[in-house]
$ cat query-v6.pdb   # PDB, C-alpha atoms and all ligand atoms
ATOM      1  CA  MET V   1     -17.189 192.551  37.006
ATOM      2  CA  LYS V   2     -16.925 189.216  35.200
ATOM      3  CA  CYS V   3     -14.980 188.488  32.015
ATOM      4  CA  LEU V   4     -17.450 188.145  29.127
ATOM      5  CA  ASN V   5     -15.308 185.428  27.601
ATOM      6  CA  CYS V   6     -14.539 183.049  30.496
ATOM      7  CA  GLY V   7     -16.534 184.315  33.485
ATOM      8  CA  ASN V   8     -13.510 185.009  35.702
ATOM      9  CA  SER V   9     -13.593 188.061  37.927
ATOM     10  CA  ILE V  10     -11.935 191.177  36.593
ATOM     11  CA  THR V  11      -9.811 193.120  39.029
ATOM     12  CA  ASN V  12      -9.552 196.715  38.031
ATOM     13  CA  ASN V  13      -6.155 197.850  39.149
ATOM     14  CA  LEU V  14      -6.534 201.578  38.883
ATOM     15  CA  LYS V  15      -3.430 203.483  37.961
ATOM     16  CA  ILE V  16      -2.426 206.325  40.306
ATOM     17  CA  LYS V  17      -3.022 208.749  37.427
ATOM     18  CA  GLU V  18      -6.606 207.544  37.042
ATOM     19  CA  ILE V  19      -7.363 207.990  40.729
ATOM     20  CA  PHE V  20      -5.814 211.414  41.193
ATOM     21  CA  LEU V  21      -6.752 213.053  37.930
ATOM     22  CA  PHE V  22     -10.315 211.747  38.115
ATOM     23  CA  LYS V  23      -9.730 210.427  34.628
ATOM     24  CA  LYS V  24     -12.838 208.826  33.254
ATOM     25  CA  ILE V  25     -12.280 205.108  33.556
ATOM     26  CA  ILE V  26     -13.108 202.981  30.542
ATOM     27  CA  PRO V  27     -14.752 199.729  31.675
ATOM     28  CA  ASP V  28     -12.983 196.506  30.776
ATOM     29  CA  TYR V  29     -14.864 193.286  29.982
ATOM     30  CA  ILE V  30     -11.929 190.933  29.504
ATOM     31  CA  CYS V  31      -9.872 189.338  32.300
ATOM     32  CA  GLN V  32      -6.078 189.304  32.526
ATOM     33  CA  LEU V  33      -5.876 185.615  31.659
ATOM     34  CA  CYS V  34      -7.845 186.060  28.422
ATOM     35  CA  ARG V  35      -5.999 189.282  27.645
ATOM     36  CA  SER V  36      -2.662 187.479  27.955
ATOM     37  CA  GLN V  37      -3.677 185.381  24.945
ATOM     38  CA  LEU V  38      -3.965 188.432  22.704
ATOM     39  CA  ILE V  39      -1.100 189.617  20.533
ATOM     40  CA  PRO V  40      -1.238 193.399  20.090
ATOM     41  CA  LEU V  41      -0.129 194.528  16.647
ATOM     42  CA  LYS V  42       1.334 197.849  17.693
ATOM     43  CA  ASN V  43       5.092 198.378  17.235
ATOM     44  CA  LYS V  44       5.638 195.062  15.409
ATOM     45  CA  ASN V  45       7.308 196.326  12.221
ATOM     46  CA  ASN V  46       3.842 196.831  10.798
ATOM     47  CA  CYS V  47       3.127 197.153   7.094
ATOM     48  CA  LEU V  48       2.899 200.896   6.464
ATOM     49  CA  ARG V  49      -0.418 200.379   4.689
ATOM     50  CA  CYS V  50      -2.362 197.534   6.318
ATOM     51  CA  TYR V  51      -0.654 197.221   9.720
ATOM     52  CA  LYS V  52       0.160 193.513   9.293
ATOM     53  CA  PRO V  53       3.086 192.602  11.587
ATOM     54  CA  ASN V  54       6.650 191.670  10.638
ATOM     55  CA  VAL V  55       6.771 193.441   7.303
ATOM     56  CA  SER V  56       9.538 195.776   6.305
ATOM     57  CA  GLY V  57       7.857 198.594   4.413
ATOM     58  CA  ILE V  58       4.798 197.629   2.364
ATOM     59  CA  CYS V  59       3.498 194.033   2.212
ATOM     60  CA  SER V  60       2.863 192.210  -1.061
ATOM     61  CA  ASP V  61      -0.957 192.477  -0.780
ATOM     62  CA  CYS V  62      -0.758 196.239  -0.334
ATOM     63  CA  GLN V  63       1.616 196.523  -3.277
ATOM     64  CA  ILE V  64      -1.087 194.846  -5.379
ATOM     65  CA  TRP V  65      -3.679 197.337  -4.116
ATOM     66  CA  GLU V  66      -1.432 200.199  -5.120
ATOM     67  CA  GLN V  67      -0.235 198.925  -8.482
ATOM     68  CA  LYS V  68      -3.350 197.224  -9.772
ATOM     69  CA  TYR V  69      -6.126 199.305  -8.256
ATOM     70  CA  GLN V  70      -4.372 202.587  -7.419
ATOM     71  CA  ILE V  71      -5.660 202.325  -3.858
ATOM     72  CA  ILE V  72      -3.376 203.673  -1.150
ATOM     73  CA  ASN V  73      -4.379 201.504   1.778
ATOM     74  CA  CYS V  74      -4.524 203.214   5.153
ATOM     75  CA  HIS V  75      -5.494 200.552   7.670
ATOM     76  CA  GLN V  76      -4.980 199.963  11.371
ATOM     77  CA  ALA V  77      -5.898 196.987  13.551
ATOM     78  CA  LEU V  78      -5.456 196.030  17.189
ATOM     79  CA  PHE V  79      -4.734 192.312  17.448
ATOM     80  CA  GLU V  80      -3.064 189.601  15.423
ATOM     81  CA  TYR V  81      -5.468 186.948  14.133
ATOM     82  CA  ASN V  82      -4.591 183.967  16.351
ATOM     83  CA  GLN V  83      -6.408 181.029  17.960
ATOM     84  CA  PHE V  84      -7.976 183.238  20.629
ATOM     85  CA  ILE V  85      -9.405 185.688  18.095
ATOM     86  CA  HIS V  86     -10.518 182.784  15.909
ATOM     87  CA  SER V  87     -12.467 181.204  18.793
ATOM     88  CA  TYR V  88     -13.864 184.568  19.777
ATOM     89  CA  PHE V  89     -15.350 185.200  16.342
ATOM     90  CA  LYS V  90     -16.658 181.644  16.183
ATOM     91  CA  LEU V  91     -18.659 182.204  19.369
ATOM     92  CA  TYR V  92     -19.630 185.739  18.465
ATOM     93  CA  LYS V  93     -20.540 185.359  14.805
ATOM     94  CA  ARG V  94     -21.211 181.686  14.136
ATOM     95  CA  TYR V  95     -22.974 180.894  17.406
ATOM     96  CA  GLY V  96     -24.406 184.390  17.692
ATOM     97  CA  ASP V  97     -23.413 185.288  21.256
ATOM     98  CA  VAL V  98     -24.166 188.997  20.956
ATOM     99  CA  LEU V  99     -22.966 189.744  24.523
ATOM    100  CA  LEU V 100     -19.415 189.147  23.306
ATOM    101  CA  ALA V 101     -19.650 192.360  21.263
ATOM    102  CA  LYS V 102     -18.310 194.231  24.276
ATOM    103  CA  LEU V 103     -15.286 192.015  25.031
ATOM    104  CA  PHE V 104     -12.826 194.449  23.420
ATOM    105  CA  PHE V 105     -14.693 197.616  24.428
ATOM    106  CA  LYS V 106     -11.753 199.100  26.334
ATOM    107  CA  ASP V 107      -9.229 198.515  23.556
ATOM    108  CA  ILE V 108     -11.411 199.886  20.791
ATOM    109  CA  MET V 109     -12.464 202.848  22.932
ATOM    110  CA  SER V 110      -8.833 203.723  23.681
ATOM    111  CA  TRP V 111      -7.989 203.589  19.985
ATOM    112  CA  SER V 112     -10.985 205.774  19.119
ATOM    113  CA  LYS V 113      -9.810 208.458  21.530
ATOM    114  CA  GLN V 114      -6.439 208.661  19.816
ATOM    115  CA  ASN V 115      -7.747 208.683  16.250
ATOM    116  CA  GLN V 116     -10.288 211.287  15.165
ATOM    117  CA  PHE V 117     -12.426 211.207  12.010
ATOM    118  CA  ASP V 118     -15.266 213.366  10.705
ATOM    119  CA  VAL V 119     -17.436 210.456   9.567
ATOM    120  CA  VAL V 120     -17.367 206.882  10.865
ATOM    121  CA  THR V 121     -19.131 204.118   8.978
ATOM    122  CA  TYR V 122     -18.946 200.310   8.928
ATOM    123  CA  ILE V 123     -19.160 197.213   6.754
ATOM    124  CA  PRO V 124     -22.766 196.058   7.106
ATOM    125  CA  SER V 125     -23.947 192.447   6.905
ATOM    126  CA  SER V 126     -26.043 191.465   3.945
ATOM    127  CA  GLN V 127     -29.758 191.294   4.713
ATOM    128  CA  SER V 128     -29.893 187.522   4.604
ATOM    129  CA  HIS V 129     -26.982 187.170   7.039
ATOM    130  CA  GLN V 130     -28.480 189.653   9.406
ATOM    131  CA  ARG V 131     -31.792 187.799   9.357
ATOM    132  CA  LEU V 132     -30.035 184.500   9.969
ATOM    133  CA  ARG V 133     -27.916 185.783  12.863
ATOM    134  CA  GLY V 134     -30.389 188.237  14.324
ATOM    135  CA  PHE V 135     -27.832 191.040  14.640
ATOM    136  CA  ASP V 136     -25.148 192.816  12.646
ATOM    137  CA  PRO V 137     -21.795 191.795  14.200
ATOM    138  CA  VAL V 138     -19.749 194.773  12.991
ATOM    139  CA  LEU V 139     -22.410 197.262  14.055
ATOM    140  CA  GLU V 140     -22.681 195.680  17.521
ATOM    141  CA  LEU V 141     -18.909 195.686  17.928
ATOM    142  CA  TYR V 142     -18.594 199.444  17.414
ATOM    143  CA  LYS V 143     -21.975 201.099  17.995
ATOM    144  CA  ASP V 144     -21.348 202.113  21.628
ATOM    145  CA  ILE V 145     -17.964 203.616  20.773
ATOM    146  CA  PHE V 146     -18.378 205.546  17.527
ATOM    147  CA  ASP V 147     -21.183 207.704  16.218
ATOM    148  CA  LEU V 148     -21.855 205.367  13.289
ATOM    149  CA  GLN V 149     -23.501 206.234  10.016
ATOM    150  CA  LEU V 150     -24.851 203.528   7.729
ATOM    151  CA  LEU V 151     -23.650 204.506   4.239
ATOM    152  CA  LEU V 152     -23.171 201.189   2.434
ATOM    153  CA  VAL V 153     -25.389 198.307   1.410
ATOM    154  CA  LYS V 154     -23.982 194.840   1.027
ATOM    155  CA  VAL V 155     -25.534 192.667  -1.625
ATOM    156  CA  ASP V 156     -25.860 188.969  -0.925
ATOM    157  CA  ALA V 157     -22.727 187.178  -2.057
ATOM    158  CA  ASP V 158     -22.314 183.629  -3.352
ATOM    159  CA  LYS V 159     -20.722 182.600  -0.040
ATOM    160  CA  PRO V 160     -19.284 184.376   3.004
ATOM    161  CA  GLN V 161     -15.668 185.643   2.834
ATOM    162  CA  ALA V 162     -14.811 183.373   5.769
ATOM    163  CA  GLN V 163     -15.557 180.289   3.664
ATOM    164  CA  LYS V 164     -13.336 181.348   0.772
ATOM    165  CA  ASP V 165      -9.699 180.601   0.131
ATOM    166  CA  ARG V 166      -7.203 183.346  -0.590
ATOM    167  CA  GLN V 167      -7.666 183.379  -4.387
ATOM    168  CA  GLU V 168     -11.459 183.360  -4.119
ATOM    169  CA  ARG V 169     -11.315 186.264  -1.679
ATOM    170  CA  LEU V 170      -9.168 188.380  -3.965
ATOM    171  CA  GLN V 171     -11.413 187.627  -6.944
ATOM    172  CA  THR V 172     -14.699 188.461  -5.209
ATOM    173  CA  PRO V 173     -16.560 191.073  -7.295
ATOM    174  CA  GLN V 174     -17.691 194.404  -5.804
ATOM    175  CA  THR V 175     -20.289 193.606  -3.150
ATOM    176  CA  PHE V 176     -21.235 197.115  -1.986
ATOM    177  CA  SER V 177     -23.335 199.944  -3.215
ATOM    178  CA  ALA V 178     -23.635 203.451  -1.790
ATOM    179  CA  LEU V 179     -26.673 204.728   0.076
ATOM    180  CA  PRO V 180     -27.937 208.192  -0.974
ATOM    181  CA  GLU V 181     -26.725 209.569   2.397
ATOM    182  CA  ILE V 182     -23.166 209.455   1.036
ATOM    183  CA  ASN V 183     -23.928 212.344  -1.302
ATOM    184  CA  ARG V 184     -25.129 214.546   1.527
ATOM    185  CA  LEU V 185     -21.669 214.465   3.139
ATOM    186  CA  SER V 186     -19.051 217.075   2.361
ATOM    187  CA  LYS V 187     -16.299 215.444   0.315
ATOM    188  CA  ASN V 188     -13.409 217.002   2.233
ATOM    189  CA  GLN V 189     -14.355 215.145   5.407
ATOM    190  CA  SER V 190     -12.201 212.303   6.690
ATOM    191  CA  ILE V 191     -13.860 208.894   6.577
ATOM    192  CA  LEU V 192     -13.214 205.852   8.752
ATOM    193  CA  ILE V 193     -14.614 202.487   7.631
ATOM    194  CA  LEU V 194     -14.827 199.764  10.301
ATOM    195  CA  ASP V 195     -14.740 195.997   9.862
ATOM    196  CA  ASP V 196     -14.147 193.082  12.234
ATOM    197  CA  ILE V 197     -11.302 191.132  10.580
ATOM    198  CA  TYR V 198      -8.864 192.160   7.860
ATOM    199  CA  THR V 199      -7.526 189.287   5.781
ATOM    200  CA  THR V 200      -6.529 190.187   2.235
ATOM    201  CA  GLY V 201      -8.159 193.587   2.434
ATOM    202  CA  ARG V 202     -10.575 192.724  -0.385
ATOM    203  CA  THR V 203     -13.750 193.687   1.501
ATOM    204  CA  LEU V 204     -12.447 196.970   2.876
ATOM    205  CA  MET V 205     -10.860 197.922  -0.443
ATOM    206  CA  TYR V 206     -14.242 197.643  -2.175
ATOM    207  CA  ALA V 207     -15.819 199.782   0.522
ATOM    208  CA  HIS V 208     -12.891 202.191   0.175
ATOM    209  CA  ASP V 209     -13.506 202.299  -3.573
ATOM    210  CA  ILE V 210     -17.153 203.322  -3.123
ATOM    211  CA  PHE V 211     -16.064 206.371  -1.107
ATOM    212  CA  TRP V 212     -13.206 207.150  -3.482
ATOM    213  CA  GLU V 213     -15.542 207.059  -6.480
ATOM    214  CA  SER V 214     -17.978 209.311  -4.596
ATOM    215  CA  GLY V 215     -15.234 211.949  -4.344
ATOM    216  CA  PHE V 216     -13.750 211.382  -0.884
ATOM    217  CA  LYS V 217      -9.968 211.486  -0.689
ATOM    218  CA  ASN V 218      -9.239 211.058   3.018
ATOM    219  CA  ILE V 219     -10.265 207.453   3.704
ATOM    220  CA  SER V 220      -8.970 205.187   6.481
ATOM    221  CA  THR V 221     -10.008 201.745   7.610
ATOM    222  CA  PHE V 222      -9.874 199.880  10.909
ATOM    223  CA  SER V 223     -10.501 196.338  12.133
ATOM    224  CA  LEU V 224     -10.271 194.625  15.496
ATOM    225  CA  SER V 225      -7.981 191.942  14.099
ATOM    226  CA  SER V 226      -5.672 191.549  11.142
TER     227      SER V 226
HETATM  228 ZN    ZN M 301     -11.481 185.796  30.699
HETATM  229 ZN    ZN M 302       0.044 195.617   3.899
END
$ encode --input "query-v6.pdb" --output "structure tokens"
Amino acid sequence: MKCLNCGNSITNNLKIKEIFLFKKIIPDYICQLCRSQLIPLKNKNNCLRCYKPNVSGICSDCQIWEQKYQIINCHQALFEYNQFIHSYFKLYKRYGDVLLAKLFFKDIMSWSKQNQFDVVTYIPSSQSHQRLRGFDPVLELYKDIFDLQLLLVKVDADKPQAQKDRQERLQTPQTFSALPEINRLSKNQSILILDDIYTTGRTLMYAHDIFWESGFKNISTFSLSS
């Protein structure tokens, strides 16, 4: 198999456990060299709410979510946002290389096996973005791993979150509305909302708010990077 990012060969060093227990092997699409450039977030004194590294307790952004909006953030992510992740999303989203959707398949799949939810949904692109790019990047990232339900609609914003500075991001007005399917779900179910990158949390908190206002109380969020 070749690395989707750089084209190098991937050597699958099977662990003894995997060979003898006939454990189902999750395919990997990223080589060791590329993987060595990733910084996993796990066990890094993570913020108890948003999983950002090197925080003792709750970070200042999450304190704002709690005090100002009464939202108890419950977020997890896999990798620190660094140069590698930045370049990855540039190729994947800006240049539209849809094949890169599978680069982190193994990591996301492993996480999904350890974290169970009744309903899994995602942050959709706005219609105009989807038309422009030809695919929905968050959907493509997760569709082969989770049984996804489309429950939100994103209205076209003034400009993409990626082009905004920190203040503009925090001040973005609500950009989602609920699809009627939300009301057909039982409110005691646990919900997981997926996004690609978590920055201030503004986008996911609005999505969170839609579910909260619809009567759900057990809401978690996840992103590849934070
Ligand atoms: Zn590689
Ligand atoms: Zn936080």
$ residues_near_point --input "query-v6.pdb" --point "(-24.8, 202.2, 5.7)" --cutoff "9 Å" --atoms "all atoms listed in the file" --output "short mmCIF file (atom, residue, chain, number, x, y, z; two decimals) with C-alpha atoms, keeping the file's coordinate frame"
data_model
loop_
_atom_site.label_atom_id
_atom_site.label_comp_id
_atom_site.auth_asym_id
_atom_site.auth_seq_id
_atom_site.Cartn_x
_atom_site.Cartn_y
_atom_site.Cartn_z
CA THR V 121 -19.13 204.12 8.98
CA TYR V 122 -18.95 200.31 8.93
CA ILE V 123 -19.16 197.21 6.75
CA PRO V 124 -22.77 196.06 7.11
CA LEU V 148 -21.86 205.37 13.29
CA GLN V 149 -23.50 206.23 10.02
CA LEU V 150 -24.85 203.53 7.73
CA LEU V 151 -23.65 204.51 4.24
CA LEU V 152 -23.17 201.19 2.43
CA VAL V 153 -25.39 198.31 1.41
CA LYS V 154 -23.98 194.84 1.03
CA ALA V 178 -23.64 203.45 -1.79
CA LEU V 179 -26.67 204.73 0.08
CA GLU V 181 -26.72 209.57 2.40
CA ILE V 182 -23.17 209.46 1.04
#
$ residues_near_ligand --input "query-v6.pdb" --ligand "ligand ZN 301 (chain M)" --cutoff "9 Å" --atoms "all atoms listed in the file" --output "VMD selection string"
chain V and resid 2 to 10 29 to 35
$ residues_near_ligand --input "query-v6.pdb" --ligand "ligand ZN 302 (chain M)" --cutoff "8 Å" --atoms "all atoms listed in the file" --output "list in words"
Asn46, Cys47, Leu48, Arg49, Cys50, Tyr51, Lys52, Val55, Ile58, Cys59, Ser60, Asp61, Cys62, Gln63 and Asn73 of chain V
$ write_last_selection --input "query-v6.pdb" --atoms "C-alpha atoms" --output "short mmCIF file (atom, residue, chain, number, x, y, z; two decimals), keeping the file's coordinate frame"
data_model
loop_
_atom_site.label_atom_id
_atom_site.label_comp_id
_atom_site.auth_asym_id
_atom_site.auth_seq_id
_atom_site.Cartn_x
_atom_site.Cartn_y
_atom_site.Cartn_z
CA ASN V 46 3.84 196.83 10.80
CA CYS V 47 3.13 197.15 7.09
CA LEU V 48 2.90 200.90 6.46
CA ARG V 49 -0.42 200.38 4.69
CA CYS V 50 -2.36 197.53 6.32
CA TYR V 51 -0.65 197.22 9.72
CA LYS V 52 0.16 193.51 9.29
CA VAL V 55 6.77 193.44 7.30
CA ILE V 58 4.80 197.63 2.36
CA CYS V 59 3.50 194.03 2.21
CA SER V 60 2.86 192.21 -1.06
CA ASP V 61 -0.96 192.48 -0.78
CA CYS V 62 -0.76 196.24 -0.33
CA GLN V 63 1.62 196.52 -3.28
CA ASN V 73 -4.38 201.50 1.78
#
$ closest_residue --input "query-v6.pdb" --among "V:Ala207, V:Ile145, V:Leu192, V:Gly96" --to "V:Lys113" --atoms "all atoms listed in the file"
V:Ile145
$ resolve_selection --input "query-v6.pdb" --expression "the PyMOL selection byres (((chain V and resi 213-216) around 10) and not hetatm)" --output "MDAnalysis selection string"
chainID V and resid 178 182:183 185:191 208:212 217:219
$ closest_residue --input "query-v6.pdb" --among "V:Arg94, V:Val119, V:Met109, V:Ile25" --to "V:Arg184" --atoms "all atoms listed in the file"
V:Val119
$ resolve_selection --input "query-v6.pdb" --expression "the PyMOL selection byres (((chain V and resi 223) around 12) and not hetatm)" --output "MDAnalysis selection string"
chainID V and resid 41 50:52 74:81 104 107:108 111:112 122:123 138 141:142 192:199 201 203:204 220:222 224:226
$ residues_around --input "query-v6.pdb" --residues "V:Arg131" --least-positions-apart "5" --cutoff "12 Å" --atoms "all atoms listed in the file" --output "compact mmCIF listing (two decimals) with C-alpha atoms, in the frame of the given file"
# COMPACT_ATOMS: atom_id res chain seq x y z
CA GLY V 96 -24.41 184.39 17.69
CA SER V 125 -23.95 192.45 6.90
CA SER V 126 -26.04 191.46 3.94
CA ASP V 136 -25.15 192.82 12.65
CA PRO V 137 -21.80 191.80 14.20
CA ASP V 156 -25.86 188.97 -0.92
$ resolve_selection --input "query-v6.pdb" --expression "the PyMOL selection byres (((chain V and resi 27) around 9) and not hetatm)" --output "list in words"
Asn12, Ile25, Ile26, Asp28, Tyr29, Phe105 and Lys106 of chain V
$ axis_aligned_box --input "query-v6.pdb" --around "stretch 81-95 of chain V" --padding-each-side "6 Å" --output "lines of an AutoDock Vina configuration file"
center_x = -13.8
center_y = 183.9
center_z = 17.4
size_x = 30.4
size_y = 18.1
size_z = 18.5
$ closest_residue --input "query-v6.pdb" --among "V:Leu170, V:Pro40, V:Lys164, V:Asp144" --to "V:Ile85" --atoms "all atoms listed in the file"
V:Pro40
$ atom_distance --input "query-v6.pdb" --atom1 "atom CA of V:Leu139" --atom2 "atom CA of V:Glu66"
28.6 Å
$ atom_distance --input "query-v6.pdb" --atom1 "atom CA of V:Ser177" --atom2 "atom CA of V:Ala162"
20.7 Å
$ atom_distance --input "query-v6.pdb" --atom1 "atom CA of V:Pro160" --atom2 "atom CA of V:Met205"
16.3 Å
